[in-house]
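Asks: coords_3.cif (mmCIF, C-alpha atoms) pasted underneath:
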data_start
#
loop_
_atom_site.group_PDB
_atom_site.id
_atom_site.type_symbol
_atom_site.label_atom_id
_atom_site.label_comp_id
_atom_site.auth_asym_id
_atom_site.auth_seq_id
_atom_site.Cartn_x
_atom_site.Cartn_y
_atom_site.Cartn_z
ATOM 1 C CA MET A 127 14.733 -9.713 -11.634
ATOM 2 C CA ASN A 128 11.094 -9.433 -12.713
ATOM 3 C CA ILE A 129 10.403 -5.706 -12.976
ATOM 4 C CA GLN A 130 8.183 -5.857 -16.066
ATOM 5 C CA PRO A 131 4.988 -5.188 -14.052
ATOM 6 C CA LEU A 132 6.601 -1.983 -12.728
ATOM 7 C CA LEU A 133 7.637 -0.917 -16.225
ATOM 8 C CA ASP A 134 4.141 -1.677 -17.541
ATOM 9 C CA TYR A 135 2.627 0.358 -14.694
ATOM 10 C CA ILE A 136 4.905 3.347 -15.359
ATOM 11 C CA LYS A 137 4.422 3.127 -19.133
ATOM 12 C CA SER A 138 0.645 3.237 -18.634
ATOM 13 C CA LEU A 139 1.136 6.703 -17.112
ATOM 14 C CA ILE A 140 4.217 8.177 -18.843
ATOM 15 C CA ASP A 141 6.496 7.349 -21.774
ATOM 16 C CA LEU A 142 10.055 6.228 -21.090
ATOM 17 C CA THR A 143 12.818 6.064 -23.659
ATOM 18 C CA PRO A 144 14.899 2.843 -23.763
ATOM 19 C CA LYS A 145 17.764 4.771 -22.102
ATOM 20 C CA GLU A 146 15.473 6.010 -19.301
ATOM 21 C CA GLU A 147 14.082 2.513 -18.824
ATOM 22 C CA ALA A 148 17.602 1.077 -18.517
ATOM 23 C CA PHE A 149 18.573 3.768 -15.992
ATOM 24 C CA LEU A 150 15.426 3.030 -13.979
ATOM 25 C CA GLU A 151 16.238 -0.690 -13.965
ATOM 26 C CA SER A 152 19.742 0.076 -12.660
ATOM 27 C CA LYS A 153 18.333 1.979 -9.662
ATOM 28 C CA VAL A 154 15.817 -0.497 -8.266
ATOM 29 C CA THR A 155 16.101 -3.664 -6.213
ATOM 30 C CA TYR A 156 13.916 -6.746 -6.528
ATOM 31 C CA ARG A 157 13.184 -8.729 -3.377
ATOM 32 C CA LYS A 158 11.003 -11.652 -2.351
ATOM 33 C CA TYR A 159 9.423 -11.756 1.110
ATOM 34 C CA LEU A 160 7.759 -14.699 2.803
ATOM 35 C CA LYS A 161 4.308 -14.561 4.345
ATOM 36 C CA GLY A 162 4.663 -12.958 7.773
ATOM 37 C CA GLN A 163 7.917 -11.123 7.021
ATOM 38 C CA TYR A 164 8.130 -7.412 7.762
ATOM 39 C CA VAL A 165 9.129 -4.924 5.083
ATOM 40 C CA ILE A 166 9.371 -2.191 7.753
ATOM 41 C CA GLN A 167 8.787 -2.181 11.502
ATOM 42 C CA GLN A 168 7.732 0.665 13.774
ATOM 43 C CA GLY A 169 10.763 2.537 15.041
ATOM 44 C CA ASP A 170 13.026 1.613 12.113
ATOM 45 C CA ILE A 171 13.729 4.106 9.354
ATOM 46 C CA CYS A 172 11.852 3.240 6.173
ATOM 47 C CA LYS A 173 14.605 2.825 3.594
ATOM 48 C CA TYR A 174 12.411 1.928 0.615
ATOM 49 C CA GLU A 175 9.314 2.920 -1.254
ATOM 50 C CA CYS A 176 7.924 -0.367 -2.556
ATOM 51 C CA PHE A 177 5.962 -1.423 -5.623
ATOM 52 C CA VAL A 178 4.089 -4.713 -5.262
ATOM 53 C CA ILE A 179 4.800 -7.166 -8.108
ATOM 54 C CA SER A 180 2.857 -10.002 -6.473
ATOM 55 C CA GLY A 181 1.409 -10.718 -3.065
ATOM 56 C CA CYS A 182 -0.337 -8.651 -0.417
ATOM 57 C CA THR A 183 0.873 -6.477 2.455
ATOM 58 C CA LYS A 184 -0.785 -4.769 5.396
ATOM 59 C CA THR A 185 0.269 -1.460 6.908
ATOM 60 C CA PHE A 186 -0.660 -1.048 10.546
ATOM 61 C CA TYR A 187 0.069 0.735 13.780
ATOM 62 C CA LEU A 188 0.695 -1.360 16.894
ATOM 63 C CA ASP A 189 -0.504 0.414 20.050
ATOM 64 C CA GLN A 190 0.861 0.117 23.613
ATOM 65 C CA GLU A 191 -1.545 -2.764 24.361
ATOM 66 C CA GLY A 192 -0.351 -4.726 21.324
ATOM 67 C CA GLN A 193 -3.531 -4.021 19.336
ATOM 68 C CA GLU A 194 -3.122 -3.694 15.554
ATOM 69 C CA HIS A 195 -4.798 -0.724 13.855
ATOM 70 C CA MET A 196 -5.021 -1.337 10.110
ATOM 71 C CA VAL A 197 -4.064 1.617 7.920
ATOM 72 C CA MET A 198 -3.968 0.106 4.435
ATOM 73 C CA PHE A 199 -3.418 -2.951 2.304
ATOM 74 C CA ALA A 200 -1.383 -3.224 -0.889
ATOM 75 C CA ILE A 201 -1.694 -5.769 -3.687
ATOM 76 C CA GLU A 202 -0.276 -6.090 -7.200
ATOM 77 C CA ASN A 203 0.488 -2.758 -8.894
ATOM 78 C CA TRP A 204 0.051 -0.801 -5.643
ATOM 79 C CA TRP A 205 2.648 0.989 -3.550
ATOM 80 C CA THR A 206 3.520 0.453 0.097
ATOM 81 C CA ALA A 207 5.847 2.005 2.685
ATOM 82 C CA ASP A 208 5.734 4.239 5.729
ATOM 83 C CA MET A 209 5.780 7.361 3.577
ATOM 84 C CA GLY A 210 6.344 9.775 6.466
ATOM 85 C CA SER A 211 9.414 7.825 7.552
ATOM 86 C CA PHE A 212 10.651 7.373 3.978
ATOM 87 C CA ILE A 213 10.344 11.058 3.081
ATOM 88 C CA SER A 214 11.810 12.405 6.334
ATOM 89 C CA GLN A 215 14.196 9.470 6.977
ATOM 90 C CA THR A 216 12.976 9.353 10.599
ATOM 91 C CA PRO A 217 11.683 6.350 12.612
ATOM 92 C CA ALA A 218 8.568 4.690 11.204
ATOM 93 C CA ASP A 219 5.163 5.000 12.865
ATOM 94 C CA TYR A 220 3.840 1.984 10.975
ATOM 95 C CA ASN A 221 4.649 -1.639 10.240
ATOM 96 C CA VAL A 222 4.386 -3.141 6.763
ATOM 97 C CA GLN A 223 4.014 -6.917 6.884
ATOM 98 C CA CYS A 224 3.432 -9.484 4.142
ATOM 99 C CA LEU A 225 0.106 -11.339 4.281
ATOM 100 C CA GLU A 226 1.230 -13.630 1.443
ATOM 101 C CA ASN A 227 4.538 -14.498 -0.160
ATOM 102 C CA THR A 228 5.275 -11.153 -1.794
ATOM 103 C CA GLU A 229 7.568 -9.788 -4.495
ATOM 104 C CA LEU A 230 8.507 -6.119 -4.301
ATOM 105 C CA ILE A 231 10.482 -3.613 -6.311
ATOM 106 C CA LEU A 232 12.339 -1.407 -3.835
ATOM 107 C CA PHE A 233 13.260 2.219 -4.439
ATOM 108 C CA ALA A 234 15.942 3.374 -1.980
ATOM 109 C CA TYR A 235 15.708 7.026 -0.969
ATOM 110 C CA ASP A 236 19.015 8.081 -2.593
ATOM 111 C CA GLU A 237 18.356 6.015 -5.724
ATOM 112 C CA LEU A 238 14.935 7.617 -6.107
ATOM 113 C CA GLU A 239 16.502 11.081 -5.823
ATOM 114 C CA GLU A 240 18.930 10.112 -8.610
ATOM 115 C CA LEU A 241 16.008 8.915 -10.722
ATOM 116 C CA TYR A 242 14.207 12.222 -10.190
ATOM 117 C CA ALA A 243 17.313 14.176 -11.236
ATOM 118 C CA GLU A 244 17.950 12.034 -14.332
ATOM 119 C CA ILE A 245 14.315 11.522 -15.385
ATOM 120 C CA PRO A 246 12.266 14.547 -14.174
ATOM 121 C CA LYS A 247 8.994 13.093 -15.453
ATOM 122 C CA LEU A 248 9.372 10.334 -12.820
ATOM 123 C CA GLU A 249 9.354 12.973 -10.080
ATOM 124 C CA ARG A 250 6.088 14.310 -11.473
ATOM 125 C CA LEU A 251 4.682 10.770 -11.651
ATOM 126 C CA PHE A 252 5.622 9.996 -8.038
ATOM 127 C CA ARG A 253 4.193 13.345 -6.909
ATOM 128 C CA GLN A 254 0.898 12.415 -8.561
ATOM 129 C CA ILE A 255 0.934 8.978 -6.894
ATOM 130 C CA VAL A 256 1.486 10.567 -3.469
ATOM 131 C CA GLU A 257 -1.213 13.184 -4.144
ATOM 132 C CA ARG A 258 -3.729 10.463 -5.034
ATOM 133 C CA ALA A 259 -2.811 8.523 -1.905
ATOM 134 C CA PHE A 260 -3.261 11.659 0.207
ATOM 135 C CA VAL A 261 -6.700 12.346 -1.284
ATOM 136 C CA ALA A 262 -7.738 8.711 -0.755
ATOM 137 C CA SER A 263 -6.588 8.959 2.873
ATOM 138 C CA GLN A 264 -8.609 12.136 3.419
ATOM 139 C CA LYS A 265 -11.697 10.557 1.874
ATOM 140 C CA ARG A 266 -11.288 7.523 4.113
ATOM 141 C CA ILE A 267 -11.228 9.801 7.174
ATOM 142 C CA VAL A 268 -14.448 11.480 6.026
ATOM 143 C CA ARG A 269 -16.102 8.083 5.378
ATOM 144 C CA ASN A 270 -15.107 6.936 8.873
ATOM 145 C CA PHE A 271 -16.814 10.018 10.344
ATOM 146 C CA SER A 272 -19.888 10.111 8.147
ATOM 147 C CA LEU A 273 -20.814 6.541 7.189
ATOM 148 C CA THR A 274 -22.221 3.775 9.321
ATOM 149 C CA ALA A 275 -20.147 0.630 9.815
ATOM 150 C CA LYS A 276 -22.403 -1.174 7.340
ATOM 151 C CA GLU A 277 -21.935 1.580 4.745
ATOM 152 C CA ARG A 278 -18.147 1.526 5.276
ATOM 153 C CA TYR A 279 -18.108 -2.242 4.800
ATOM 154 C CA LEU A 280 -20.186 -2.025 1.608
ATOM 155 C CA TYR A 281 -17.861 0.677 0.270
ATOM 156 C CA PHE A 282 -14.795 -1.466 1.067
ATOM 157 C CA LYS A 283 -16.392 -4.573 -0.456
ATOM 158 C CA ASN A 284 -17.332 -2.737 -3.671
ATOM 159 C CA GLN A 285 -14.136 -0.708 -3.964
ATOM 160 C CA TYR A 286 -11.678 -3.499 -3.129
ATOM 161 C CA PRO A 287 -13.292 -6.882 -3.887
ATOM 162 C CA GLN A 288 -9.920 -8.416 -4.780
ATOM 163 C CA ILE A 289 -8.561 -7.558 -1.327
ATOM 164 C CA GLU A 290 -11.458 -8.834 0.756
ATOM 165 C CA GLU A 291 -11.059 -12.288 -0.818
ATOM 166 C CA ARG A 292 -7.405 -12.460 0.226
ATOM 167 C CA ILE A 293 -7.291 -11.228 3.800
ATOM 168 C CA PRO A 294 -8.689 -12.502 7.107
ATOM 169 C CA GLN A 295 -11.943 -10.883 8.205
ATOM 170 C CA TYR A 296 -10.456 -9.581 11.460
ATOM 171 C CA LEU A 297 -8.149 -7.387 9.334
ATOM 172 C CA VAL A 298 -11.101 -6.062 7.328
ATOM 173 C CA ALA A 299 -12.826 -5.279 10.642
ATOM 174 C CA SER A 300 -9.728 -3.478 11.953
ATOM 175 C CA PHE A 301 -9.487 -1.450 8.731
ATOM 176 C CA LEU A 302 -13.156 -0.455 9.131
ATOM 177 C CA GLY A 303 -12.671 0.423 12.792
ATOM 178 C CA ILE A 304 -15.044 -2.258 14.101
ATOM 179 C CA THR A 305 -14.760 -5.622 15.848
ATOM 180 C CA LYS A 306 -14.724 -8.866 13.886
ATOM 181 C CA GLU A 307 -17.935 -9.872 15.711
ATOM 182 C CA PHE A 308 -19.684 -6.712 14.517
ATOM 183 C CA LEU A 309 -18.455 -7.346 10.980
ATOM 184 C CA SER A 310 -19.944 -10.861 11.185
ATOM 185 C CA LYS A 311 -23.298 -9.336 12.228
ATOM 186 C CA ILE A 312 -23.179 -6.903 9.306
ATOM 187 C CA LYS A 313 -22.409 -9.724 6.856
ATOM 188 C CA SER A 314 -25.220 -11.878 8.285
ATOM 189 C CA GLN A 315 -27.637 -8.964 7.996
ATOM 190 C CA LEU A 316 -26.592 -8.352 4.377
ATOM 191 C CA ALA A 317 -27.033 -12.055 3.562
ATOM 192 C CA ILE A 318 -30.612 -11.921 4.891
ATOM 193 C CA GLU A 319 -31.351 -8.721 2.910
ATOM 194 C CA ASN A 320 -30.112 -10.290 -0.305
#
Translate this file's structure into C-alpha coordinates.

Replies:
Amino acid sequence: MNIQPLLDYIKSLIDLTPKEEAFLESKVTYRKYLKGQYVIQQGDICKYECFVISGCTKTFYLDQEGQEHMVMFAIENWWTADMGSFISQTPADYNVQCLENTELILFAYDELEELYAEIPKLERLFRQIVERAFVASQKRIVRNFSLTAKERYLYFKNQYPQIEERIPQYLVASFLGITKEFLSKIKSQLAIEN
(Lines of atoms letter the chains of each structure in order from A and count residues from 1; the text may use other names and numbers.)
(Lines give C-alpha, C1' and ligand atoms only; values in the text may rest on other atoms or scores of the structure.)
Protein backbone atom coordinates (compact mmCIF):
# COMPACT_ATOMS: atom_id res chain seq x y z
CA MET A 1 0.00 0.00 0.00
CA ASN A 2 1.59 3.25 -1.18
CA ILE A 3 0.39 5.90 1.26
CA GLN A 4 3.64 7.88 1.44
CA PRO A 5 2.24 10.76 -0.67
CA LEU A 6 -0.61 11.10 1.86
CA LEU A 7 1.81 11.08 4.78
CA ASP A 8 4.02 13.65 3.04
CA TYR A 9 0.96 15.83 2.39
CA ILE A 10 -0.18 15.64 6.03
CA LYS A 11 3.34 16.18 7.37
CA SER A 12 3.64 19.35 5.27
CA LEU A 13 0.73 20.75 7.30
CA ILE A 14 1.00 19.13 10.76
CA ASP A 15 3.47 16.98 12.71
CA LEU A 16 2.60 13.36 13.43
CA THR A 17 4.37 11.15 15.93
CA PRO A 18 5.39 7.65 14.74
CA LYS A 19 2.51 6.22 16.84
CA GLU A 20 -0.01 8.61 15.24
CA GLU A 21 1.33 7.80 11.79
CA ALA A 22 0.94 4.06 12.44
CA PHE A 23 -2.63 4.57 13.70
CA LEU A 24 -3.44 6.63 10.61
CA GLU A 25 -2.05 3.90 8.35
CA SER A 26 -4.25 1.33 10.10
CA LYS A 27 -7.41 3.34 9.35
CA VAL A 28 -7.08 3.96 5.62
CA THR A 29 -7.62 1.83 2.54
CA TYR A 30 -5.59 1.96 -0.66
CA ARG A 31 -7.39 1.26 -3.93
CA LYS A 32 -6.61 1.38 -7.63
CA TYR A 33 -9.30 2.39 -10.13
CA LEU A 34 -9.21 2.03 -13.89
CA LYS A 35 -9.91 4.87 -16.30
CA GLY A 36 -13.69 5.22 -16.55
CA GLN A 37 -14.47 3.58 -13.20
CA TYR A 38 -16.73 5.41 -10.77
CA VAL A 39 -15.62 6.14 -7.22
CA ILE A 40 -19.18 7.26 -6.37
CA GLN A 41 -22.38 7.49 -8.40
CA GLN A 42 -25.36 9.78 -7.96
CA GLY A 43 -27.90 8.21 -5.63
CA ASP A 44 -25.39 6.03 -3.76
CA ILE A 45 -24.15 7.02 -0.33
CA CYS A 46 -20.59 8.32 -0.44
CA LYS A 47 -18.70 5.98 1.88
CA TYR A 48 -15.24 7.51 1.48
CA GLU A 49 -13.37 10.76 1.46
CA CYS A 50 -10.55 10.19 -1.02
CA PHE A 51 -6.99 11.45 -1.37
CA VAL A 52 -5.53 11.16 -4.87
CA ILE A 53 -2.13 9.41 -4.95
CA SER A 54 -1.98 9.34 -8.75
CA GLY A 55 -4.39 9.91 -11.60
CA CYS A 56 -7.24 12.32 -12.24
CA THR A 57 -10.94 12.32 -11.39
CA LYS A 58 -13.92 14.43 -12.38
CA THR A 59 -16.86 15.28 -10.16
CA PHE A 60 -20.06 16.03 -12.03
CA TYR A 61 -23.81 16.19 -11.87
CA LEU A 62 -25.81 14.29 -14.50
CA ASP A 63 -29.10 16.05 -15.31
CA GLN A 64 -32.40 14.50 -16.47
CA GLU A 65 -31.35 14.86 -20.14
CA GLY A 66 -28.09 12.99 -19.52
CA GLN A 67 -25.97 16.16 -19.73
CA GLU A 68 -22.86 16.26 -17.53
CA HIS A 69 -22.26 19.42 -15.48
CA MET A 70 -18.65 19.52 -14.29
CA VAL A 71 -18.16 20.51 -10.66
CA MET A 72 -14.46 19.84 -10.08
CA PHE A 73 -11.41 17.84 -11.00
CA ALA A 74 -8.89 16.22 -8.66
CA ILE A 75 -5.29 15.27 -9.36
CA GLU A 76 -2.34 14.16 -7.22
CA ASN A 77 -2.41 15.48 -3.64
CA TRP A 78 -6.01 16.70 -3.97
CA TRP A 79 -9.15 15.39 -2.31
CA THR A 80 -12.33 14.12 -3.94
CA ALA A 81 -15.75 12.86 -2.82
CA ASP A 82 -19.35 13.98 -2.69
CA MET A 83 -18.78 15.82 0.58
CA GLY A 84 -22.46 16.48 1.27
CA SER A 85 -23.23 12.78 0.95
CA PHE A 86 -20.14 11.75 2.92
CA ILE A 87 -20.84 14.11 5.83
CA SER A 88 -24.58 13.41 6.05
CA GLN A 89 -24.41 9.76 4.87
CA THR A 90 -27.30 10.45 2.48
CA PRO A 91 -27.55 9.73 -1.28
CA ALA A 92 -24.96 11.50 -3.44
CA ASP A 93 -25.86 14.38 -5.75
CA TYR A 94 -22.64 13.94 -7.72
CA ASN A 95 -20.63 11.32 -9.57
CA VAL A 96 -16.88 10.95 -9.17
CA GLN A 97 -15.32 9.16 -12.13
CA CYS A 98 -11.69 8.41 -13.01
CA LEU A 99 -10.35 10.14 -16.13
CA GLU A 100 -7.11 8.14 -15.87
CA ASN A 101 -6.01 5.02 -14.04
CA THR A 102 -6.13 6.37 -10.50
CA GLU A 103 -4.79 5.41 -7.08
CA LEU A 104 -6.70 6.65 -4.04
CA ILE A 105 -6.39 6.53 -0.29
CA LEU A 106 -9.89 6.04 1.11
CA PHE A 107 -11.08 7.32 4.48
CA ALA A 108 -14.29 5.56 5.55
CA TYR A 109 -16.67 7.70 7.59
CA ASP A 110 -16.37 5.66 10.81
CA GLU A 111 -12.59 5.28 10.44
CA LEU A 112 -12.22 9.03 10.00
CA GLU A 113 -14.26 9.63 13.17
CA GLU A 114 -11.89 7.27 15.02
CA LEU A 115 -8.92 9.18 13.63
CA TYR A 116 -10.41 12.47 14.83
CA ALA A 117 -10.95 11.04 18.32
CA GLU A 118 -7.45 9.54 18.55
CA ILE A 119 -5.55 12.35 16.79
CA PRO A 120 -7.47 15.64 17.34
CA LYS A 121 -5.05 17.64 15.20
CA LEU A 122 -6.29 15.62 12.19
CA GLU A 123 -9.82 16.90 12.80
CA ARG A 124 -8.48 20.45 12.72
CA LEU A 125 -6.54 19.67 9.53
CA PHE A 126 -9.60 18.21 7.78
CA ARG A 127 -11.71 21.17 8.93
CA GLN A 128 -9.18 23.51 7.32
CA ILE A 129 -9.21 21.46 4.09
CA VAL A 130 -13.02 21.65 3.93
CA GLU A 131 -12.97 25.38 4.73
CA ARG A 132 -10.51 26.03 1.88
CA ALA A 133 -12.65 23.97 -0.49
CA PHE A 134 -15.74 25.93 0.55
CA VAL A 135 -14.01 29.27 -0.04
CA ALA A 136 -12.73 28.09 -3.44
CA SER A 137 -16.27 27.02 -4.35
CA GLN A 138 -17.68 30.42 -3.36
CA LYS A 139 -15.01 32.21 -5.38
CA ARG A 140 -15.79 30.04 -8.39
CA ILE A 141 -19.47 31.04 -8.14
CA VAL A 142 -18.50 34.72 -8.07
CA ARG A 143 -16.15 34.26 -11.06
CA ASN A 144 -18.96 32.56 -12.99
CA PHE A 145 -21.20 35.58 -12.34
CA SER A 146 -18.67 38.33 -12.85
CA LEU A 147 -16.13 37.19 -15.45
CA THR A 148 -16.55 36.68 -19.16
CA ALA A 149 -16.09 33.19 -20.57
CA LYS A 150 -12.68 34.24 -21.89
CA GLU A 151 -11.65 35.55 -18.46
CA ARG A 152 -12.87 32.34 -16.79
CA TYR A 153 -10.87 30.26 -19.25
CA LEU A 154 -7.72 32.32 -18.69
CA TYR A 155 -8.15 31.98 -14.93
CA PHE A 156 -8.59 28.20 -15.25
CA LYS A 157 -5.61 27.91 -17.60
CA ASN A 158 -3.35 29.93 -15.28
CA GLN A 159 -4.60 28.42 -12.03
CA TYR A 160 -4.67 24.77 -13.15
CA PRO A 161 -2.24 24.30 -16.07
CA GLN A 162 -1.50 20.71 -15.01
CA ILE A 163 -5.20 19.82 -15.29
CA GLU A 164 -5.90 21.37 -18.67
CA GLU A 165 -3.14 19.24 -20.22
CA ARG A 166 -4.74 16.04 -18.94
CA ILE A 167 -8.44 16.38 -19.65
CA PRO A 168 -10.53 16.60 -22.83
CA GLN A 169 -11.51 20.12 -23.86
CA TYR A 170 -15.24 19.38 -23.66
CA LEU A 171 -14.77 18.83 -19.90
CA VAL A 172 -12.95 22.15 -19.55
CA ALA A 173 -15.84 23.79 -21.41
CA SER A 174 -18.40 22.12 -19.13
CA PHE A 175 -16.46 23.26 -16.05
CA LEU A 176 -16.48 26.83 -17.42
CA GLY A 177 -20.18 26.66 -18.23
CA ILE A 178 -19.71 27.06 -22.00
CA THR A 179 -19.90 24.84 -25.08
CA LYS A 180 -16.81 23.15 -26.48
CA GLU A 181 -17.33 25.14 -29.71
CA PHE A 182 -17.25 28.42 -27.79
CA LEU A 183 -14.11 27.29 -25.97
CA SER A 184 -12.50 26.57 -29.36
CA LYS A 185 -13.37 30.13 -30.49
CA ILE A 186 -11.84 31.58 -27.32
CA LYS A 187 -8.65 29.55 -27.81
CA SER A 188 -8.42 30.59 -31.48
CA GLN A 189 -8.89 34.23 -30.50
CA LEU A 190 -6.17 33.95 -27.84
CA ALA A 191 -3.80 32.33 -30.35
CA ILE A 192 -4.29 35.28 -32.73
CA GLU A 193 -3.74 37.80 -29.89
CA ASN A 194 -0.50 36.13 -28.88

Asks: Could you tell me which of A:Ile293, A:Leu248, A:Leu309, A:Leu188 comes closest to Asp219 in chain A if we count only C-alpha atoms?

Replies: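 Checking each of A:Ile293, A:Leu248, A:Leu309, A:Leu188 against Asp219 in chain A, counting only C-alpha atoms, the winner is A:Leu188.
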
Asks: Would you mind reading off the distance between CA of Lys173 in chain A and CA of Gln215 in chain A, one decimal, in Å?

Replies: 7.5 Å

Asks: Nearest to Gln168 in chain A: which of A:Leu302, A:Val222, A:Leu142, A:Met196 is it, counting all atoms listed in the file?

Replies: A:Val222

Asks: Show me, as JSON, numbers by chain, the residues that have an atom within 7 Å of range 143-154 of chain A when counting all atoms listed in the file, minus same-chain residues fewer than 6 positions from it.

Replies: {"A": [231, 232, 233, 237, 241, 245]}

Asks: Work out how far apart CA of Asp134 in chain A and CA of Trp204 in chain A are and give it in Å to one decimal.

Replies: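 Interatomic distance here is 12.6 Å.
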
Asks: Could you model N, CA, C and O atoms for range 266-288 of chain A and present them as a PDB file, keeping the file's coordinate frame?

Replies:
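Writing the result to selection_4.pdb gives the following:
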ATOM      1  N   ARG A 266     -11.044   8.601   3.151  1.00  0.00           N
ATOM      2  CA  ARG A 266     -11.288   7.523   4.113  1.00  0.00           C
ATOM      3  C   ARG A 266     -11.627   8.104   5.485  1.00  0.00           C
ATOM      4  O   ARG A 266     -12.523   7.613   6.176  1.00  0.00           O
ATOM      5  N   ILE A 267     -10.936   9.155   5.888  1.00  0.00           N
ATOM      6  CA  ILE A 267     -11.228   9.801   7.174  1.00  0.00           C
ATOM      7  C   ILE A 267     -12.671  10.309   7.186  1.00  0.00           C
ATOM      8  O   ILE A 267     -13.413  10.086   8.139  1.00  0.00           O
ATOM      9  N   VAL A 268     -13.075  10.962   6.110  1.00  0.00           N
ATOM     10  CA  VAL A 268     -14.448  11.480   6.026  1.00  0.00           C
ATOM     11  C   VAL A 268     -15.456  10.328   6.067  1.00  0.00           C
ATOM     12  O   VAL A 268     -16.470  10.405   6.771  1.00  0.00           O
ATOM     13  N   ARG A 269     -15.186   9.244   5.342  1.00  0.00           N
ATOM     14  CA  ARG A 269     -16.102   8.083   5.378  1.00  0.00           C
ATOM     15  C   ARG A 269     -16.212   7.527   6.794  1.00  0.00           C
ATOM     16  O   ARG A 269     -17.292   7.155   7.239  1.00  0.00           O
ATOM     17  N   ASN A 270     -15.082   7.466   7.509  1.00  0.00           N
ATOM     18  CA  ASN A 270     -15.107   6.936   8.873  1.00  0.00           C
ATOM     19  C   ASN A 270     -15.952   7.809   9.800  1.00  0.00           C
ATOM     20  O   ASN A 270     -16.566   7.308  10.738  1.00  0.00           O
ATOM     21  N   PHE A 271     -15.997   9.110   9.533  1.00  0.00           N
ATOM     22  CA  PHE A 271     -16.814  10.018  10.344  1.00  0.00           C
ATOM     23  C   PHE A 271     -18.282  10.021   9.934  1.00  0.00           C
ATOM     24  O   PHE A 271     -19.162  10.193  10.770  1.00  0.00           O
ATOM     25  N   SER A 272     -18.534   9.847   8.650  1.00  0.00           N
ATOM     26  CA  SER A 272     -19.888  10.111   8.147  1.00  0.00           C
ATOM     27  C   SER A 272     -20.711   8.879   7.787  1.00  0.00           C
ATOM     28  O   SER A 272     -21.928   8.972   7.692  1.00  0.00           O
ATOM     29  N   LEU A 273     -20.071   7.733   7.584  1.00  0.00           N
ATOM     30  CA  LEU A 273     -20.814   6.541   7.189  1.00  0.00           C
ATOM     31  C   LEU A 273     -20.981   5.591   8.373  1.00  0.00           C
ATOM     32  O   LEU A 273     -20.137   5.540   9.261  1.00  0.00           O
ATOM     33  N   THR A 274     -22.049   4.819   8.324  1.00  0.00           N
ATOM     34  CA  THR A 274     -22.221   3.775   9.321  1.00  0.00           C
ATOM     35  C   THR A 274     -21.216   2.657   9.040  1.00  0.00           C
ATOM     36  O   THR A 274     -20.641   2.582   7.949  1.00  0.00           O
ATOM     37  N   ALA A 275     -21.048   1.765  10.004  1.00  0.00           N
ATOM     38  CA  ALA A 275     -20.147   0.630   9.815  1.00  0.00           C
ATOM     39  C   ALA A 275     -20.582  -0.209   8.615  1.00  0.00           C
ATOM     40  O   ALA A 275     -19.748  -0.656   7.821  1.00  0.00           O
ATOM     41  N   LYS A 276     -21.884  -0.404   8.473  1.00  0.00           N
ATOM     42  CA  LYS A 276     -22.403  -1.174   7.340  1.00  0.00           C
ATOM     43  C   LYS A 276     -22.063  -0.487   6.015  1.00  0.00           C
ATOM     44  O   LYS A 276     -21.624  -1.141   5.068  1.00  0.00           O
ATOM     45  N   GLU A 277     -22.247   0.830   5.971  1.00  0.00           N
ATOM     46  CA  GLU A 277     -21.935   1.580   4.745  1.00  0.00           C
ATOM     47  C   GLU A 277     -20.442   1.537   4.448  1.00  0.00           C
ATOM     48  O   GLU A 277     -20.045   1.408   3.287  1.00  0.00           O
ATOM     49  N   ARG A 278     -19.605   1.613   5.482  1.00  0.00           N
ATOM     50  CA  ARG A 278     -18.147   1.526   5.276  1.00  0.00           C
ATOM     51  C   ARG A 278     -17.768   0.156   4.738  1.00  0.00           C
ATOM     52  O   ARG A 278     -16.930   0.032   3.841  1.00  0.00           O
ATOM     53  N   TYR A 279     -18.394  -0.891   5.282  1.00  0.00           N
ATOM     54  CA  TYR A 279     -18.108  -2.242   4.800  1.00  0.00           C
ATOM     55  C   TYR A 279     -18.518  -2.391   3.333  1.00  0.00           C
ATOM     56  O   TYR A 279     -17.759  -2.926   2.522  1.00  0.00           O
ATOM     57  N   LEU A 280     -19.718  -1.919   2.999  1.00  0.00           N
ATOM     58  CA  LEU A 280     -20.186  -2.025   1.608  1.00  0.00           C
ATOM     59  C   LEU A 280     -19.273  -1.258   0.662  1.00  0.00           C
ATOM     60  O   LEU A 280     -18.977  -1.728  -0.443  1.00  0.00           O
ATOM     61  N   TYR A 281     -18.798  -0.095   1.091  1.00  0.00           N
ATOM     62  CA  TYR A 281     -17.861   0.677   0.270  1.00  0.00           C
ATOM     63  C   TYR A 281     -16.576  -0.124   0.057  1.00  0.00           C
ATOM     64  O   TYR A 281     -16.089  -0.259  -1.064  1.00  0.00           O
ATOM     65  N   PHE A 282     -16.023  -0.674   1.156  1.00  0.00           N
ATOM     66  CA  PHE A 282     -14.795  -1.466   1.067  1.00  0.00           C
ATOM     67  C   PHE A 282     -14.990  -2.660   0.143  1.00  0.00           C
ATOM     68  O   PHE A 282     -14.169  -2.928  -0.736  1.00  0.00           O
ATOM     69  N   LYS A 283     -16.097  -3.370   0.334  1.00  0.00           N
ATOM     70  CA  LYS A 283     -16.392  -4.573  -0.456  1.00  0.00           C
ATOM     71  C   LYS A 283     -16.507  -4.243  -1.946  1.00  0.00           C
ATOM     72  O   LYS A 283     -15.995  -4.972  -2.789  1.00  0.00           O
ATOM     73  N   ASN A 284     -17.159  -3.132  -2.270  1.00  0.00           N
ATOM     74  CA  ASN A 284     -17.332  -2.737  -3.671  1.00  0.00           C
ATOM     75  C   ASN A 284     -16.065  -2.138  -4.264  1.00  0.00           C
ATOM     76  O   ASN A 284     -15.760  -2.358  -5.436  1.00  0.00           O
ATOM     77  N   GLN A 285     -15.336  -1.385  -3.470  1.00  0.00           N
ATOM     78  CA  GLN A 285     -14.136  -0.708  -3.964  1.00  0.00           C
ATOM     79  C   GLN A 285     -12.947  -1.658  -4.096  1.00  0.00           C
ATOM     80  O   GLN A 285     -12.135  -1.508  -4.997  1.00  0.00           O
ATOM     81  N   TYR A 286     -12.852  -2.629  -3.173  1.00  0.00           N
ATOM     82  CA  TYR A 286     -11.678  -3.499  -3.129  1.00  0.00           C
ATOM     83  C   TYR A 286     -12.059  -4.978  -3.051  1.00  0.00           C
ATOM     84  O   TYR A 286     -11.601  -5.692  -2.148  1.00  0.00           O
ATOM     85  N   PRO A 287     -12.863  -5.482  -3.987  1.00  0.00           N
ATOM     86  CA  PRO A 287     -13.292  -6.882  -3.887  1.00  0.00           C
ATOM     87  C   PRO A 287     -12.116  -7.866  -3.932  1.00  0.00           C
ATOM     88  O   PRO A 287     -12.145  -8.909  -3.291  1.00  0.00           O
ATOM     89  N   GLN A 288     -11.069  -7.520  -4.656  1.00  0.00           N
ATOM     90  CA  GLN A 288      -9.920  -8.416  -4.780  1.00  0.00           C
ATOM     91  C   GLN A 288      -9.114  -8.496  -3.483  1.00  0.00           C
ATOM     92  O   GLN A 288      -8.382  -9.445  -3.277  1.00  0.00           O
TER      93      GLN A 288
END
